[in-house]
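J.: Can you keep this structure in mind? I'll have questions shortly.
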Amino acid sequence: MTADSGYEGAVNDFEQARQETVRYHEELYAATDLGESGTWLAEPDPLLSTALDLVPDDRPTVAYDLGSGIGRHTVPMLRRLPPGSQVYAVDLLPSALEQLADAVPAGISTVVHTRAMDLHDFDFAEPADLVFAFSAIEHLPRPGAVRDLLSRIRGAMRPGGVVALGIIADRVEIRSDGSRRPALLESDLSIDTSREMLADVFADFTVADVQLRPAEVEEERDGEHYTLASTLFDWVGVAP
Ligand SMILES: C[S@@+](CC[C@H](N)C(=O)[O-])C[C@H]1O[C@@H](n2cnc3c(N)ncnc32)[C@H](O)[C@@H]1O
């Protein structure tokens with residue numbers, strides 16, 4: 001149990017984990033186009049469609065894509081939300097947001113605002129109809145910081161607003177010889193901790209969808225190939 005939060009969850013060396021997050025994503029985004037087959041940027045995760053189906057479509061809305069990367073979910077959001085909607089794309093990496101801005105389709109009437117910043121320091125400019133965060137919140141420095149972000153999300157939601165989170169939990173790295181080591185990331189959330197936080201922060205929300213899916217991504221660090229295995233925990237809630 002961590003001293004500051006009371007939540008279970010391994011805390012890696014933060015500086016090392018942050019460095020690895022930046023290295024991995026900068027290299028991947030520089031080498032990969034949005035929609036490129038054979039990569040996880042090939043298509044949006046189905047969680048987005050589940051969330052968008054619940055967002056009001058009879059008026060302009062305000063949406064946030066937290067940890068947006070190069071826009072795998074932001075771009076379809078821009079296409080799908082009602083005309084006049086605003087979408088805030090937030091990511092640590094200015095270069096990712098530049099790529100995202102270049103991918104915005106011409107002639108659409110939704111507006112994207114990019115914010116290059118750490119989610120740890122992020123707060124909401126205006127109340128939200130949709131907050132979407134896929135494989136993002138676990139990059140905060142410790143489980144207590146993740147919980148604080150969830151509380152800020154809770155405070156930003158309009159009545160009927162939708163929160164959709166894809167949390168990569170219980171991560172482990174499997175080397176080619178089959179041996180395992182803990183994944184190098186900022187807050188290694190477990191499924192149990194994630195459930196506990198969500199039940200606590202969003203106690204008055206209607207839970208619209210919960211799914212657990214096994215996930216595997218091939219990665220490389222310091223010339224060594226490994227499989228990053230985890231459980232993808234999808235959670236969708238609707239504000240009262
Ligand atoms: C696994 S990627 C997911 C990107 C996007 N959500 C998607 O599904 O395509 C995680 C993203 O979170 C960003 N990120 C990591 N730590 C962050 C932080 N503390 N604040 C803001 N963004 C962060 C990374 O730069 C990266 O683009």
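Identifiers in this document derive from the order of the structure tokens: chains are assigned A, B, ..., residues are numbered from 1 separately in each chain, and ligands are numbered from 1 in order of occurrence.
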Dump the neighbourhood of ligand 1 as an MDAnalysis selection string: all residues within 7 Å, distances computed on only C-alpha atoms and all ligand atoms.
T.: chainID A and resid 21:22 25 41 66:73 90:93 96 117:120 133:136 139:140
J.: Going by DSSP on the backbone, which bits of chain A are helix (DSSP H, G or I)? Write them as a PyMOL selection string, please.
T.: chain A and resi 14-31+46-52+74-80+94-103+119-121+137-139+143-156+191-201
J.: Please return as a CSV table (one decimal) with N, CA and C atoms, in the first residue's frame: the residues of region 12-231 of chain A that backbone DSSP assigns to strand (DSSP E).
T.:
chain,number,residue,atom,x,y,z
A,62,VAL,N,-18.7,19.2,-25.6
A,62,VAL,CA,-17.2,19.5,-25.3
A,62,VAL,C,-16.6,18.1,-24.9
A,63,ALA,N,-15.6,17.7,-25.6
A,63,ALA,CA,-14.9,16.4,-25.3
A,63,ALA,C,-13.4,16.6,-25.1
A,64,TYR,N,-12.9,15.7,-24.3
A,64,TYR,CA,-11.5,15.7,-24.0
A,64,TYR,C,-10.9,14.3,-24.4
A,65,ASP,N,-9.8,14.3,-25.0
A,65,ASP,CA,-9.0,13.1,-25.3
A,65,ASP,C,-7.7,13.2,-24.5
A,66,LEU,N,-7.7,12.5,-23.4
A,66,LEU,CA,-6.5,12.7,-22.5
A,66,LEU,C,-5.4,11.7,-22.9
A,86,GLN,N,-16.4,21.0,-29.5
A,86,GLN,CA,-15.0,21.4,-29.2
A,86,GLN,C,-14.3,20.1,-28.7
A,87,VAL,N,-13.1,19.8,-29.1
A,87,VAL,CA,-12.4,18.7,-28.6
A,87,VAL,C,-11.0,19.1,-28.1
A,88,TYR,N,-10.7,18.8,-26.9
A,88,TYR,CA,-9.4,19.1,-26.3
A,88,TYR,C,-8.5,17.9,-26.4
A,89,ALA,N,-7.4,17.9,-27.1
A,89,ALA,CA,-6.5,16.8,-27.1
A,89,ALA,C,-5.3,17.2,-26.3
A,90,VAL,N,-5.0,16.3,-25.2
A,90,VAL,CA,-4.0,16.6,-24.3
A,90,VAL,C,-2.9,15.5,-24.3
A,91,ASP,N,-1.7,15.9,-24.5
A,91,ASP,CA,-0.6,14.9,-24.4
A,91,ASP,C,0.7,15.6,-24.0
A,111,VAL,N,-14.0,21.7,-33.6
A,111,VAL,CA,-12.8,22.4,-33.4
A,111,VAL,C,-11.9,21.7,-32.4
A,112,VAL,N,-10.6,21.5,-32.8
A,112,VAL,CA,-9.6,20.8,-31.9
A,112,VAL,C,-8.7,21.9,-31.2
A,113,HIS,N,-8.5,21.7,-29.9
A,113,HIS,CA,-7.6,22.5,-29.1
A,113,HIS,C,-6.5,21.5,-28.6
A,114,THR,N,-5.3,21.7,-29.0
A,114,THR,CA,-4.2,20.9,-28.5
A,114,THR,C,-3.6,21.5,-27.2
A,115,ARG,N,-3.3,20.6,-26.3
A,115,ARG,CA,-2.6,21.1,-25.0
A,115,ARG,C,-1.5,20.2,-24.7
A,116,ALA,N,-0.2,20.7,-24.9
A,116,ALA,CA,0.9,19.9,-24.6
A,116,ALA,C,1.3,20.0,-23.1
A,128,ALA,N,-17.4,19.1,-19.3
A,128,ALA,CA,-17.2,18.1,-20.3
A,128,ALA,C,-18.5,17.2,-20.5
A,129,ASP,N,-18.8,16.9,-21.8
A,129,ASP,CA,-19.8,15.9,-22.2
A,129,ASP,C,-19.1,14.6,-22.4
A,130,LEU,N,-17.8,14.6,-22.7
A,130,LEU,CA,-17.1,13.3,-22.9
A,130,LEU,C,-15.7,13.5,-22.4
A,131,VAL,N,-15.2,12.6,-21.5
A,131,VAL,CA,-13.8,12.5,-21.2
A,131,VAL,C,-13.4,11.1,-21.6
A,132,PHE,N,-12.4,11.0,-22.6
A,132,PHE,CA,-11.9,9.7,-23.1
A,132,PHE,C,-10.4,9.6,-22.8
A,133,ALA,N,-10.0,8.6,-22.2
A,133,ALA,CA,-8.6,8.4,-21.9
A,133,ALA,C,-8.2,6.9,-22.1
A,134,PHE,N,-7.5,6.7,-23.2
A,134,PHE,CA,-7.1,5.3,-23.5
A,134,PHE,C,-5.6,5.1,-23.3
A,157,MET,N,-17.5,16.9,-15.1
A,157,MET,CA,-18.6,16.3,-15.9
A,157,MET,C,-19.9,17.0,-15.9
A,158,ARG,N,-20.5,17.3,-17.0
A,158,ARG,CA,-21.8,17.8,-17.1
A,158,ARG,C,-22.8,16.7,-16.8
A,159,PRO,N,-24.0,17.0,-16.3
A,159,PRO,CA,-25.0,15.9,-16.1
A,159,PRO,C,-25.2,15.2,-17.4
A,160,GLY,N,-25.2,13.8,-17.3
A,160,GLY,CA,-25.3,13.0,-18.5
A,160,GLY,C,-24.0,12.8,-19.3
A,161,GLY,N,-22.9,13.4,-18.8
A,161,GLY,CA,-21.6,13.3,-19.5
A,161,GLY,C,-21.0,11.9,-19.3
A,162,VAL,N,-20.2,11.6,-20.3
A,162,VAL,CA,-19.7,10.2,-20.4
A,162,VAL,C,-18.2,10.2,-20.1
A,163,VAL,N,-17.8,9.3,-19.2
A,163,VAL,CA,-16.4,9.0,-19.0
A,163,VAL,C,-16.0,7.7,-19.5
A,164,ALA,N,-15.0,7.6,-20.4
A,164,ALA,CA,-14.6,6.3,-21.0
A,164,ALA,C,-13.1,6.1,-20.8
A,165,LEU,N,-12.8,5.1,-20.0
A,165,LEU,CA,-11.3,4.9,-19.7
A,165,LEU,C,-10.9,3.5,-20.2
A,166,GLY,N,-9.8,3.5,-20.8
A,166,GLY,CA,-9.1,2.2,-21.1
A,166,GLY,C,-7.8,2.1,-20.3
A,167,ILE,N,-7.8,1.3,-19.3
A,167,ILE,CA,-6.7,1.3,-18.4
A,167,ILE,C,-5.9,0.0,-18.7
A,168,ILE,N,-4.6,0.1,-18.9
A,168,ILE,CA,-3.8,-1.1,-19.2
A,168,ILE,C,-3.3,-1.5,-17.8
A,169,ALA,N,-3.8,-2.6,-17.3
A,169,ALA,CA,-3.5,-3.0,-15.9
A,169,ALA,C,-2.7,-4.3,-15.9
A,170,ASP,N,-2.2,-4.6,-14.7
A,170,ASP,CA,-1.5,-5.8,-14.5
A,170,ASP,C,-0.4,-6.1,-15.5
A,171,ARG,N,0.4,-5.1,-15.8
A,171,ARG,CA,1.4,-5.3,-16.9
A,171,ARG,C,2.6,-6.1,-16.5
A,172,VAL,N,3.1,-6.9,-17.4
A,172,VAL,CA,4.3,-7.7,-17.2
A,172,VAL,C,5.1,-7.8,-18.5
A,173,GLU,N,6.4,-7.8,-18.5
A,173,GLU,CA,7.2,-7.9,-19.7
A,173,GLU,C,7.7,-9.4,-19.8
A,174,ILE,N,7.4,-10.0,-20.9
A,174,ILE,CA,7.9,-11.4,-21.1
A,174,ILE,C,9.0,-11.4,-22.2
A,175,ARG,N,10.2,-11.8,-21.7
A,175,ARG,CA,11.3,-11.9,-22.7
A,175,ARG,C,11.2,-13.1,-23.6
A,180,ARG,N,10.0,-13.5,-17.0
A,180,ARG,CA,9.1,-12.3,-16.8
A,180,ARG,C,9.7,-11.3,-15.9
A,181,ARG,N,9.4,-10.0,-16.2
A,181,ARG,CA,9.9,-9.0,-15.2
A,181,ARG,C,8.7,-8.0,-15.2
A,182,PRO,N,8.7,-7.2,-14.1
A,182,PRO,CA,7.6,-6.2,-14.0
A,182,PRO,C,7.8,-5.1,-15.1
A,187,SER,N,2.9,4.1,-13.1
A,187,SER,CA,2.0,3.6,-12.0
A,187,SER,C,1.5,2.2,-12.5
A,188,ASP,N,1.9,1.2,-11.9
A,188,ASP,CA,1.5,-0.2,-12.4
A,188,ASP,C,0.2,-0.5,-11.7
A,206,THR,N,-23.8,6.0,-13.5
A,206,THR,CA,-24.3,4.7,-14.0
A,206,THR,C,-23.2,4.1,-14.8
A,207,VAL,N,-22.9,2.9,-14.5
A,207,VAL,CA,-21.8,2.1,-15.2
A,207,VAL,C,-22.5,1.6,-16.5
A,208,ALA,N,-22.0,2.0,-17.6
A,208,ALA,CA,-22.6,1.6,-18.9
A,208,ALA,C,-21.9,0.4,-19.5
A,209,ASP,N,-20.6,0.2,-19.2
A,209,ASP,CA,-19.9,-0.9,-19.8
A,209,ASP,C,-18.6,-1.1,-19.0
A,210,VAL,N,-18.3,-2.4,-18.7
A,210,VAL,CA,-17.1,-2.8,-18.1
A,210,VAL,C,-16.6,-4.0,-18.9
A,211,GLN,N,-15.3,-4.0,-19.3
A,211,GLN,CA,-14.8,-5.2,-20.0
A,211,GLN,C,-13.4,-5.4,-19.6
A,212,LEU,N,-13.0,-6.6,-19.6
A,212,LEU,CA,-11.6,-7.0,-19.3
A,212,LEU,C,-11.1,-7.8,-20.6
A,213,ARG,N,-10.0,-7.3,-21.2
A,213,ARG,CA,-9.5,-8.0,-22.4
A,213,ARG,C,-8.0,-8.2,-22.3
A,214,PRO,N,-7.5,-9.4,-22.6
A,214,PRO,CA,-6.1,-9.6,-22.6
A,214,PRO,C,-5.5,-8.8,-23.7
A,215,ALA,N,-4.3,-8.2,-23.5
A,215,ALA,CA,-3.6,-7.4,-24.5
A,215,ALA,C,-2.2,-7.7,-24.6
A,216,GLU,N,-1.6,-7.8,-25.8
A,216,GLU,CA,-0.2,-8.0,-25.9
A,216,GLU,C,0.4,-7.1,-27.0
A,217,VAL,N,1.5,-6.5,-26.7
A,217,VAL,CA,2.2,-5.6,-27.7
A,217,VAL,C,3.7,-6.0,-27.7
A,218,GLU,N,4.2,-6.1,-28.9
A,218,GLU,CA,5.7,-6.4,-29.1
A,218,GLU,C,6.4,-5.1,-28.9
A,219,GLU,N,7.5,-5.1,-28.1
A,219,GLU,CA,8.2,-3.9,-27.9
A,219,GLU,C,9.7,-4.2,-27.9
A,220,GLU,N,10.5,-3.1,-27.8
A,220,GLU,CA,12.0,-3.3,-27.8
A,220,GLU,C,12.6,-2.2,-26.9
A,221,ARG,N,13.5,-2.6,-26.0
A,221,ARG,CA,14.2,-1.6,-25.2
A,221,ARG,C,15.7,-2.0,-25.1
A,224,GLU,N,16.7,-5.1,-26.8
A,224,GLU,CA,16.1,-6.4,-26.4
A,224,GLU,C,14.6,-6.4,-26.7
A,225,HIS,N,14.1,-7.5,-27.5
A,225,HIS,CA,12.7,-7.6,-27.8
A,225,HIS,C,12.0,-8.3,-26.6
A,226,TYR,N,10.8,-7.8,-26.4
A,226,TYR,CA,10.0,-8.5,-25.3
A,226,TYR,C,8.5,-8.3,-25.7
A,227,THR,N,7.6,-9.0,-25.0
A,227,THR,CA,6.2,-8.9,-25.2
A,227,THR,C,5.7,-8.2,-23.9
A,228,LEU,N,4.9,-7.1,-24.1
A,228,LEU,CA,4.3,-6.4,-23.0
A,228,LEU,C,2.9,-7.0,-22.9
A,229,ALA,N,2.7,-7.8,-21.9
A,229,ALA,CA,1.4,-8.5,-21.7
A,229,ALA,C,0.6,-7.8,-20.6
A,230,SER,N,-0.7,-7.6,-20.7
A,230,SER,CA,-1.5,-6.9,-19.7
A,230,SER,C,-2.9,-7.2,-19.9
A,231,THR,N,-3.7,-6.7,-19.0
A,231,THR,CA,-5.2,-6.8,-19.1
A,231,THR,C,-5.7,-5.4,-19.4
J.: Give me the residues within 10 Å of Gly155 (chain A) as a PDB file with C-alpha atoms, in the first residue's frame, counting only C-alpha atoms and dropping any in the same chain fewer than 6 places off.
T.:
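As a result, result.pdb now contains:
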ATOM      1  CA  ASP A 123      -7.391  20.735 -15.271  1.00  0.00           C
ATOM      2  CA  PHE A 124     -10.502  21.227 -17.364  1.00  0.00           C
ATOM      3  CA  PRO A 127     -17.325  21.339 -18.395  1.00  0.00           C
ATOM      4  CA  ALA A 128     -17.225  18.052 -20.283  1.00  0.00           C
ATOM      5  CA  LEU A 149      -6.964  13.013 -11.881  1.00  0.00           C
ATOM      6  CA  VAL A 201     -14.661   8.346  -7.375  1.00  0.00           C
TER       7      VAL A 201
END
J.: Gly107 (chain A): which residues within 12 Å, counting only C-alpha atoms, same-chain residues fewer than 5 positions away excluded, as a list in words?
T.: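 In the requested form, the answer reads Leu78, Arg79 and Pro83 of chain A.
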J.: Give me, please, the distance in Å between CA of Ala199 (chain A) and CA of Met77 (chain A), quoted to one decimal.
T.: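 Separation between CA of Ala199 (chain A) and CA of Met77 (chain A): 26.6 Å.
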J.: At what distance in Å, to one decimal, does CA of Ala101 (chain A) lie from CA of Leu34 (chain A)?
T.: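 CA of Ala101 (chain A) lies 12.0 Å from CA of Leu34 (chain A).
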J.: When you count only C-alpha atoms, which of these residues is closest to Asp234 (chain A): A:Arg147, A:Arg18, A:Arg23, A:Arg195?
T.: A:Arg195
J.: Using only C-alpha atoms, can you tell me which of A:Trp40, A:Asp58, A:Ala203, A:Arg80 comes closest to Leu28 (chain A)?
T.: A:Trp40
